[in-house]
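Asker: Coordinates in protein_27.cif, mmCIF, C-alpha atoms, are listed below.
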data_start
#
loop_
_atom_site.label_atom_id
_atom_site.label_comp_id
_atom_site.auth_asym_id
_atom_site.auth_seq_id
_atom_site.Cartn_x
_atom_site.Cartn_y
_atom_site.Cartn_z
CA MET A 1 45.03 33.79 -5.57
CA LEU A 2 46.63 31.36 -8.07
CA ALA A 3 44.37 32.22 -11.03
CA GLY A 4 44.64 35.92 -10.48
CA THR A 5 40.89 36.40 -9.94
CA GLY A 6 40.84 36.48 -6.13
CA ARG A 7 40.01 40.16 -6.07
CA ILE A 8 36.58 39.46 -7.58
CA TRP A 9 35.68 37.02 -4.79
CA LEU A 10 36.77 39.16 -1.86
CA PRO A 11 33.19 40.04 -0.73
CA LEU A 12 32.40 36.33 -0.34
CA LEU A 13 34.89 36.09 2.55
CA ALA A 14 32.13 37.58 4.74
CA THR A 15 30.14 34.34 4.43
CA GLY A 16 32.69 32.57 6.65
CA PRO A 17 31.94 34.37 9.96
CA ALA A 18 28.26 34.66 8.98
CA LEU A 19 27.88 30.87 8.67
CA ALA A 20 30.06 30.25 11.73
CA ALA A 21 27.56 32.24 13.81
CA ALA A 22 24.97 29.50 13.22
CA THR A 23 27.07 26.68 14.67
CA SER A 24 30.07 28.02 16.59
CA ARG A 25 30.66 29.81 19.85
CA PRO A 26 31.72 33.50 19.77
CA ARG A 27 35.40 32.51 19.91
CA GLY A 28 34.96 30.33 16.86
CA VAL A 29 33.26 33.16 14.97
CA LEU A 30 36.09 35.54 15.86
CA GLY A 31 38.64 32.97 14.68
CA VAL A 32 36.90 32.52 11.34
CA GLY A 33 36.62 36.31 11.01
CA ALA A 34 40.33 36.76 11.71
CA LEU A 35 41.15 34.17 9.05
CA ALA A 36 38.90 35.98 6.58
CA VAL A 37 40.69 39.27 7.30
CA LEU A 38 44.10 37.64 6.75
CA LEU A 39 42.99 36.07 3.47
CA GLY A 40 41.47 39.35 2.30
CA THR A 41 44.66 41.25 3.13
CA GLY A 42 46.78 38.67 1.32
CA ILE A 43 44.65 38.76 -1.80
CA ALA A 44 44.57 42.56 -1.80
CA HIS A 45 48.36 42.71 -1.44
CA ARG A 46 48.87 40.25 -4.31
CA HIS A 47 46.65 42.27 -6.64
CA ASP A 48 47.88 45.68 -5.53
CA MET A 49 44.40 46.72 -4.45
CA ALA A 50 43.87 50.34 -3.61
CA LEU A 51 43.97 51.10 0.11
CA ALA A 52 40.50 52.67 0.04
CA HIS A 53 38.98 49.54 -1.54
CA LEU A 54 40.81 47.29 0.93
CA SER A 55 39.60 49.38 3.85
CA VAL A 56 35.98 48.91 2.74
CA VAL A 57 36.42 45.13 2.42
CA LEU A 58 38.14 44.77 5.79
CA THR A 59 35.54 46.99 7.49
CA ALA A 60 32.78 44.77 6.09
CA LEU A 61 34.58 41.63 7.30
CA VAL A 62 35.10 43.03 10.80
CA THR A 63 31.47 44.20 11.00
CA VAL A 64 30.10 40.82 9.91
CA THR A 65 32.43 39.06 12.36
CA LEU A 66 31.35 41.19 15.31
CA ALA A 67 27.67 40.82 14.37
CA GLY A 68 28.15 37.05 14.01
CA SER A 69 29.82 36.88 17.43
CA LEU A 70 26.87 38.70 19.01
CA THR A 71 24.43 36.40 17.22
CA SER A 72 26.36 33.37 18.41
CA ALA A 73 26.29 34.59 21.99
CA LEU A 74 22.51 35.21 21.83
CA ARG A 75 21.95 31.79 20.25
CA ALA A 76 23.96 30.07 22.98
CA ARG A 77 21.93 31.93 25.61
CA ARG A 78 18.63 30.85 24.02
CA GLU A 79 19.87 27.26 23.89
CA ARG A 80 20.58 27.35 27.63
CA VAL A 81 17.11 28.77 28.29
CA LEU A 82 15.51 26.12 26.06
CA ALA A 83 17.42 23.37 27.85
CA ALA A 84 16.16 24.69 31.20
CA VAL A 85 12.58 24.85 29.88
CA ARG A 86 12.85 21.29 28.57
CA SER A 87 14.10 20.15 31.95
CA VAL A 88 11.13 21.79 33.65
CA ALA A 89 8.78 20.23 31.08
CA GLU A 90 10.22 16.78 31.71
CA THR A 91 9.86 17.25 35.46
CA ALA A 92 6.27 18.39 34.99
CA GLN A 93 5.57 15.39 32.77
CA HIS A 94 6.91 12.96 35.36
CA ALA A 95 4.82 14.65 38.05
CA LEU A 96 1.70 14.75 35.89
CA LEU A 97 2.04 11.48 33.97
CA GLN A 98 3.84 9.28 36.44
CA PRO A 99 5.69 6.26 35.03
CA VAL A 100 3.74 3.01 35.14
CA PRO A 101 5.69 0.03 36.56
CA GLU A 102 5.88 -3.19 34.57
CA THR A 103 3.98 -5.02 37.30
CA VAL A 104 1.05 -3.58 39.25
CA GLY A 105 -0.47 -6.01 41.72
CA PRO A 106 -1.21 -9.24 39.84
CA PHE A 107 -1.10 -7.48 36.45
CA GLN A 108 1.47 -6.60 33.82
CA ALA A 109 1.22 -3.06 32.47
CA ALA A 110 2.78 -0.73 29.92
CA VAL A 111 2.19 2.81 28.66
CA ARG A 112 3.13 4.72 25.51
CA TYR A 113 2.58 8.45 25.30
CA SER A 114 3.45 10.87 22.49
CA ALA A 115 2.73 14.59 22.56
CA ALA A 116 2.06 16.21 19.19
CA ALA A 117 4.17 19.21 20.29
CA ALA A 118 7.37 17.23 20.64
CA GLU A 119 9.28 20.13 22.16
CA ALA A 120 6.69 20.49 24.90
CA ARG A 121 6.82 16.80 25.94
CA ILE A 122 3.32 17.05 27.49
CA GLY A 123 -0.15 17.61 26.10
CA GLY A 124 -3.85 17.22 26.76
CA ASP A 125 -4.02 13.42 26.91
CA LEU A 126 -3.85 11.82 30.34
CA TYR A 127 -3.41 8.42 31.92
CA ALA A 128 -2.86 6.90 35.35
CA LEU A 129 -2.77 3.41 36.83
CA VAL A 130 -2.75 2.99 40.61
CA PRO A 131 -3.06 0.05 43.01
CA THR A 132 -5.71 0.74 45.65
CA PRO A 133 -7.42 -1.14 48.52
CA TYR A 134 -10.19 -1.82 46.00
CA GLY A 135 -7.98 -3.29 43.30
CA VAL A 136 -6.02 -1.80 40.44
CA ARG A 137 -7.70 1.26 38.94
CA MET A 138 -6.84 3.19 35.81
CA ILE A 139 -7.93 6.14 33.71
CA VAL A 140 -7.20 7.26 30.16
CA GLY A 141 -8.67 10.53 28.93
CA ASP A 142 -8.47 13.37 26.46
CA VAL A 143 -8.95 17.03 27.36
CA ARG A 144 -10.70 19.30 24.87
CA GLY A 145 -8.23 21.77 23.41
CA LYS A 146 -4.45 22.01 23.47
CA GLY A 147 -1.67 23.94 25.12
CA LEU A 148 -1.28 24.99 28.73
CA PRO A 149 -5.04 25.13 29.52
CA ALA A 150 -5.38 21.48 28.45
CA VAL A 151 -2.36 20.51 30.55
CA GLY A 152 -3.88 22.26 33.57
CA THR A 153 -7.17 20.41 33.14
CA ALA A 154 -5.34 17.10 32.76
CA ALA A 155 -3.44 17.78 35.99
CA LEU A 156 -6.73 18.52 37.76
CA VAL A 157 -8.36 15.27 36.55
CA LEU A 158 -5.37 13.13 37.46
CA GLY A 159 -5.05 14.68 40.91
CA VAL A 160 -8.70 14.05 41.74
CA PHE A 161 -8.57 10.53 40.28
CA ARG A 162 -5.52 9.46 42.29
CA GLU A 163 -7.10 10.77 45.47
CA ALA A 164 -10.58 9.36 44.86
CA ALA A 165 -9.30 5.97 43.66
CA TYR A 166 -7.91 5.32 47.14
CA ASP A 167 -10.90 6.72 49.03
CA GLU A 168 -13.97 5.51 47.17
CA PRO A 169 -14.95 1.81 47.23
CA ASP A 170 -17.32 2.29 44.28
CA LEU A 171 -15.86 3.16 40.88
CA LEU A 172 -18.88 5.32 40.06
CA ASP A 173 -18.10 7.46 43.11
CA VAL A 174 -14.59 8.02 41.73
CA VAL A 175 -16.10 9.28 38.49
CA GLY A 176 -18.56 11.42 40.47
CA ARG A 177 -15.77 13.18 42.35
CA ILE A 178 -13.97 13.98 39.10
CA GLU A 179 -17.22 15.32 37.62
CA ARG A 180 -17.88 17.60 40.61
CA SER A 181 -14.35 18.95 40.56
CA LEU A 182 -14.52 19.73 36.84
CA ALA A 183 -17.92 21.39 37.26
CA ARG A 184 -16.33 23.84 39.70
CA ASN A 185 -13.22 24.58 37.66
CA LEU A 186 -13.99 24.24 33.94
CA GLY A 187 -15.56 26.72 31.58
CA GLY A 188 -18.87 26.07 29.88
CA ASP A 189 -17.29 24.77 26.66
CA ASP A 190 -14.60 22.60 28.25
CA PHE A 191 -14.86 18.88 28.88
CA VAL A 192 -12.84 15.69 29.22
CA THR A 193 -13.59 12.35 27.59
CA ALA A 194 -12.34 9.46 29.70
CA VAL A 195 -12.55 5.76 30.47
CA VAL A 196 -12.17 4.77 34.12
CA ALA A 197 -11.65 1.07 34.81
CA GLY A 198 -10.87 -1.15 37.76
CA CYS A 199 -10.29 -4.78 38.70
CA PRO A 200 -11.76 -5.16 42.20
CA GLU A 201 -11.44 -8.96 42.27
CA PRO A 202 -10.03 -11.78 40.14
CA GLY A 203 -11.94 -12.29 36.92
CA ARG A 204 -13.96 -9.05 37.17
CA LEU A 205 -13.35 -5.85 35.22
CA GLU A 206 -15.38 -2.70 35.80
CA VAL A 207 -15.53 0.01 33.13
CA VAL A 208 -17.11 3.47 33.17
CA ASN A 209 -17.02 5.21 29.80
CA CYS A 210 -17.62 8.96 29.70
CA GLY A 211 -17.79 9.85 26.02
CA HIS A 212 -14.46 8.19 25.20
CA ALA A 213 -13.36 5.67 22.59
CA PRO A 214 -14.27 2.14 23.76
CA PRO A 215 -11.44 0.07 25.27
CA LEU A 216 -10.29 -3.07 23.47
CA LEU A 217 -10.60 -6.37 25.31
CA ILE A 218 -8.07 -8.89 24.04
CA ARG A 219 -8.82 -12.53 24.73
CA GLY A 220 -6.37 -14.87 23.05
CA THR A 221 -6.14 -13.57 19.48
CA GLU A 222 -9.62 -12.05 19.50
CA VAL A 223 -9.90 -8.28 19.91
CA THR A 224 -13.31 -6.91 20.96
CA ALA A 225 -14.38 -3.33 21.62
CA VAL A 226 -16.05 -2.83 25.01
CA ASP A 227 -18.81 -0.53 23.78
CA PRO A 228 -20.82 1.24 26.49
CA VAL A 229 -24.30 -0.16 27.05
CA ARG A 230 -25.65 3.39 27.15
CA PRO A 231 -23.56 6.35 25.92
CA THR A 232 -22.93 9.02 28.53
CA PRO A 233 -21.57 12.58 28.10
CA PRO A 234 -17.95 13.51 28.74
CA LEU A 235 -16.81 14.65 32.15
CA GLY A 236 -17.75 18.26 32.78
CA LEU A 237 -20.94 18.16 30.70
CA ARG A 238 -23.25 16.20 33.00
CA ALA A 239 -25.20 19.36 33.84
CA LEU A 240 -26.28 19.55 30.19
CA SER A 241 -27.66 16.02 30.11
CA GLU A 242 -29.77 13.79 32.31
CA ASP A 243 -27.67 10.76 31.44
CA THR A 244 -25.43 9.49 34.22
CA PRO A 245 -22.41 7.19 33.88
CA ARG A 246 -23.11 3.48 34.00
CA LEU A 247 -20.90 0.78 35.47
CA GLN A 248 -20.23 -1.96 32.96
CA VAL A 249 -18.88 -5.31 34.15
CA VAL A 250 -17.04 -7.76 31.91
CA PRO A 251 -15.10 -10.98 32.64
CA PHE A 252 -11.33 -10.54 32.77
CA GLY A 253 -9.60 -13.89 33.19
CA ASP A 254 -6.07 -15.21 32.94
CA GLY A 255 -4.26 -14.12 29.79
CA ASP A 256 -6.79 -11.39 29.00
CA GLN A 257 -5.59 -7.89 28.14
CA LEU A 258 -7.25 -4.48 28.14
CA LEU A 259 -6.08 -1.65 25.87
CA LEU A 260 -7.09 1.94 26.67
CA TYR A 261 -6.22 4.64 24.15
CA THR A 262 -7.03 8.18 23.01
CA ASP A 263 -8.33 9.43 19.67
CA GLY A 264 -4.86 10.54 18.68
CA VAL A 265 -4.28 6.87 17.87
CA THR A 266 -7.46 5.98 15.99
CA GLU A 267 -7.68 9.31 14.16
CA ALA A 268 -4.08 9.27 12.92
CA ARG A 269 -4.12 9.42 9.10
CA ASP A 270 -1.69 8.32 6.44
CA ALA A 271 -0.87 10.12 3.18
CA ASP A 272 -4.15 8.87 1.67
CA ARG A 273 -6.14 10.25 4.67
CA ALA A 274 -6.94 6.74 5.90
CA PHE A 275 -7.32 6.26 9.66
CA TYR A 276 -4.97 3.97 11.55
CA PRO A 277 -6.58 0.49 11.93
CA LEU A 278 -5.97 -0.04 15.64
CA THR A 279 -7.67 -3.42 15.92
CA GLU A 280 -5.62 -4.82 13.04
CA GLY A 281 -2.46 -3.32 14.50
CA VAL A 282 -3.12 -4.93 17.88
CA THR A 283 -3.73 -8.30 16.22
CA ARG A 284 -0.44 -8.06 14.29
CA HIS A 285 1.76 -7.05 17.21
CA LEU A 286 0.11 -8.77 20.16
CA CYS A 287 2.32 -10.78 22.51
CA ASP A 288 2.54 -11.74 26.18
CA GLU A 289 4.65 -8.70 27.12
CA PRO A 290 2.66 -5.44 27.17
CA ALA A 291 5.77 -3.29 26.79
CA ARG A 292 6.80 -5.10 23.59
CA THR A 293 3.26 -4.98 22.25
CA LEU A 294 2.98 -1.22 22.72
CA ALA A 295 6.48 -0.56 21.39
CA ALA A 296 5.66 -2.41 18.16
CA LEU A 297 2.23 -0.78 17.97
CA HIS A 298 3.73 2.68 18.43
CA GLU A 299 6.27 2.11 15.67
CA ASP A 300 3.51 0.87 13.41
CA LEU A 301 1.50 4.00 14.18
CA LEU A 302 4.43 6.28 13.32
CA ASP A 303 5.01 4.40 10.06
CA HIS A 304 1.33 4.88 9.21
CA VAL A 305 1.46 8.67 9.63
CA GLY A 306 4.87 9.10 8.07
CA GLY A 307 6.92 9.63 11.20
CA ARG A 308 5.17 12.43 13.09
CA LEU A 309 1.85 12.50 14.92
CA HIS A 310 -0.38 15.56 14.61
CA ASP A 311 -2.29 14.93 17.84
CA ASP A 312 -1.43 13.68 21.31
CA ALA A 313 -1.64 9.89 21.58
CA ALA A 314 -1.74 7.67 24.66
CA LEU A 315 -1.84 3.88 24.95
CA LEU A 316 -2.22 1.90 28.19
CA LEU A 317 -2.19 -1.90 28.13
CA LEU A 318 -3.07 -4.08 31.12
CA ARG A 319 -2.58 -7.85 31.08
CA ARG A 320 -3.51 -10.52 33.59
CA PRO A 321 -0.80 -13.21 33.44
CA ALA A 322 -1.65 -16.86 32.98
CA ALA A 323 -2.54 -18.98 36.00
CA ALA A 324 1.00 -20.30 36.38
CA GLN A 325 2.24 -16.70 36.84
CA GLY A 326 -0.70 -15.08 38.56
CA GLY A 327 -1.59 -17.94 40.90
CA GLU A 328 -5.32 -17.56 40.25
CA PRO A 329 -7.70 -20.11 38.75
CA ALA A 330 -8.20 -19.71 35.03
CA GLY A 331 -11.98 -19.38 34.97
CA ALA A 332 -13.61 -15.96 35.20
CA PRO A 333 -16.54 -15.98 37.64
CA PRO A 334 -19.96 -14.87 36.43
CA VAL A 335 -20.84 -11.30 37.26
CA ALA A 336 -24.53 -11.17 36.44
CA GLY A 337 -27.43 -13.35 35.41
CA GLY A 338 -27.68 -14.60 31.87
CA ASP A 339 -30.79 -12.51 31.29
CA GLY A 340 -28.75 -9.29 31.25
CA ALA A 341 -30.02 -8.01 34.61
CA THR A 342 -28.21 -5.01 35.98
CA THR A 343 -26.01 -5.08 39.06
CA ALA A 344 -25.91 -2.53 41.86
CA ARG A 345 -26.11 1.16 40.97
CA GLY A 346 -27.13 0.58 37.37
CA ALA A 347 -24.21 -1.67 36.40
CA SER A 348 -25.06 -3.75 33.37
CA ALA A 349 -23.86 -7.26 32.79
CA SER A 350 -21.89 -8.01 29.68
CA GLY A 351 -22.66 -10.84 27.31
CA PRO A 352 -21.03 -14.25 27.54
CA PRO A 353 -17.25 -14.24 27.18
CA ALA A 354 -15.74 -14.88 23.80
CA PRO A 355 -14.15 -18.28 23.19
CA ARG A 356 -10.76 -18.60 24.81
CA THR A 357 -7.75 -19.42 22.68
CA ALA A 358 -4.13 -19.99 23.50
CA ASP A 359 -2.15 -16.78 23.83
CA SER A 360 1.34 -18.20 23.55
CA HIS A 361 2.13 -16.30 20.35
CA GLY A 362 4.97 -13.87 19.86
CA CYS A 363 5.12 -10.27 18.70
#
Write the structure described by the file as structure tokens, please.

Answerer:
Amino acid sequence: MLAGTGRIWLPLLATGPALAAATSRPRGVLGVGALAVLLGTGIAHRHDMALAHLSVVLTALVTVTLAGSLTSALRARRERVLAAVRSVAETAQHALLQPVPETVGPFQAAVRYSAAAAEARIGGDLYALVPTPYGVRMIVGDVRGKGLPAVGTAALVLGVFREAAYDEPDLLDVVGRIERSLARNLGGDDFVTAVVAGCPEPGRLEVVNCGHAPPLLIRGTEVTAVDPVRPTPPLGLRALSEDTPRLQVVPFGDGDQLLLYTDGVTEARDADRAFYPLTEGVTRHLCDEPARTLAALHEDLLDHVGGRLHDDAALLLLRRPAAAQGGEPAGAPPVAGGDGATTARGASASGPPAPRTADSHGC
């Protein structure tokens, strides 16, 4: 208006209500549109613009304002729907992946879960940790595929596990019930990799690995993978193989920790396509508080991938406190003969425990 060139810029007044539609409510868009009309009228009056030209400009401003108001109203409606969907997703997540308390029986515990589809909040990875009459039992697994079918399969596995963990004295029977349920409900190409573990008595840890990444046993500062004695197929594929799950027994004494995880952790890549070194990460961030350990490990994982995971990732850490906290003697009882003989139902004895070291280090 001051330089005498305002007439040239009149069409740009339409950008005001157009941009307001992206951030403001309909009333805000109408207010910006009214201001644009007043400015356009003032500029036209100052430059003695022809009435026909002014009418075209004002019609364009009013049209853009009304269209922006409609867009703003539709956007606000979609935001309300999205908020409701997110609320339902969060409720479903809490029902499916129930929070793990900091203390379960004589153990400390912590969980970290990240869904690759951040807006969905839930994915195909699963975990559960429950106290039962037969000790604390836990499962961490990964469903083949993504999306709602994977979530449905995860819900099925967790429901059967929570029920069977209370009913079945033998951990292999828990796995058997999950297998039978999946055989009835899954398609021919679907399966679930999982590790099911339990602590039926002090100093004894039972592990059944069904095609999943081996858990990490942490004793002092030493981190060791609990590799299965004999690989077995994932859950849902037993009909295609004669191999049956085996019960593996390892010592689990005071101060020991067990980390269960999914392949979304170990297969996370950085910009150079290098996998995340989980064992090194655990060694760097290990401390006596599982929640702090997993928080630091999760941040390290996000830094490795550049801030966003491309696959679901779950971490579950179980720790047996020291004797002063847990009230149990420090020594882990033997679980099998030194000649590697198997225990009942095909359970195989682990090798001798690794040397114990002090675990009074910080994160």

Asker: Taking all atoms listed in the file into account, which of A:Glu222, A:Glu79, A:Asp227, A:Glu163 comes nearest Asn209 of chain A?

Answerer: A:Asp227

Asker: Carefully work through the PyMOL selection byres ((chain A and resi 44) around 12) for this structure and note down the residues it includes, as a VMD selection string.

Answerer: chain A and resid 1 4 to 11 37 to 43 45 to 58

Asker: Could you list the residues chosen by the PyMOL selection byres ((chain A and resi 174-178) around 12) in this structure as a count of residues only?

Answerer: 55

Asker: Figure out the distance between atom CA of Arg77 of chain A and atom CA of Val64 of chain A, please, to one decimal in Å.

Answerer: 19.8 Å

Asker: Check which residues satisfy the PyMOL selection byres ((chain A and resi 259) around 8) in the file shown, then give them as JSON, numbers by chain.

Answerer: {"A": [215, 216, 217, 218, 257, 258, 260, 261, 315, 316, 317, 318]}

Asker: Report, in Å to a single decimal, how far apart atom CA of Asp190 of chain A and atom CA of His212 of chain A are.

Answerer: 14.7 Å

Asker: Rounded to one decimal in Å, what is the spacing between atom CA of Val151 of chain A and atom CA of Arg319 of chain A?

Answerer: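 Computed distance, atom CA of Val151 of chain A to atom CA of Arg319 of chain A, equals 28.4 Å.
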
Asker: Is it possible to get the residues within 9 Å of (3.3, -9.2, 36.5) (coordinates as in the file, counting all atoms listed in the file) written as a list of chain:residue names?

Answerer: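 Residues satisfying the cut-off, written out: A:Glu102, A:Thr103, A:Val104, A:Gly105, A:Pro106, A:Phe107, A:Gln108, A:Ala109, A:Arg319, A:Arg320, A:Pro321, A:Gln325, A:Gly326.
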
Asker: Using only C-alpha atoms for the distances, tell me which of A:Glu280, A:Arg27, A:Arg204, A:Ala67 is nearest to Ala14 of chain A.

Answerer: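 So, comparing all the options, the nearest one is A:Ala67.
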
Asker: Might you pull out every residue within 12 Å of Leu297 of chain A, with only C-alpha atoms counted and same-chain residues fewer than 4 positions away left off, and present them as a VMD selection string?

Answerer: chain A and resid 110 to 113 259 261 265 to 266 276 to 287 290 to 293 301 to 304 313 to 317 363

Asker: Which of these residues is nearest to Arg219 of chain A, using all atoms listed in the file: A:Leu13, A:Ala322, A:Leu148, A:Ala274?

Answerer: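 The answer is A:Ala322, which sits nearest to Arg219 of chain A.
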
Asker: Which one of A:Thr59, A:Thr65, A:Thr91, A:Gln248 sits closest to Leu19 of chain A if you count all atoms listed in the file?

Answerer: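 The answer is A:Thr65, which sits nearest to Leu19 of chain A.
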
Asker: Tell me which of A:Ala115, A:Ala239, A:Val130, A:Val29 sits closest to Asp312 of chain A, counting all atoms listed in the file.

Answerer: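 When distances to Asp312 of chain A are compared using all atoms listed in the file, the smallest one comes from A:Ala115.
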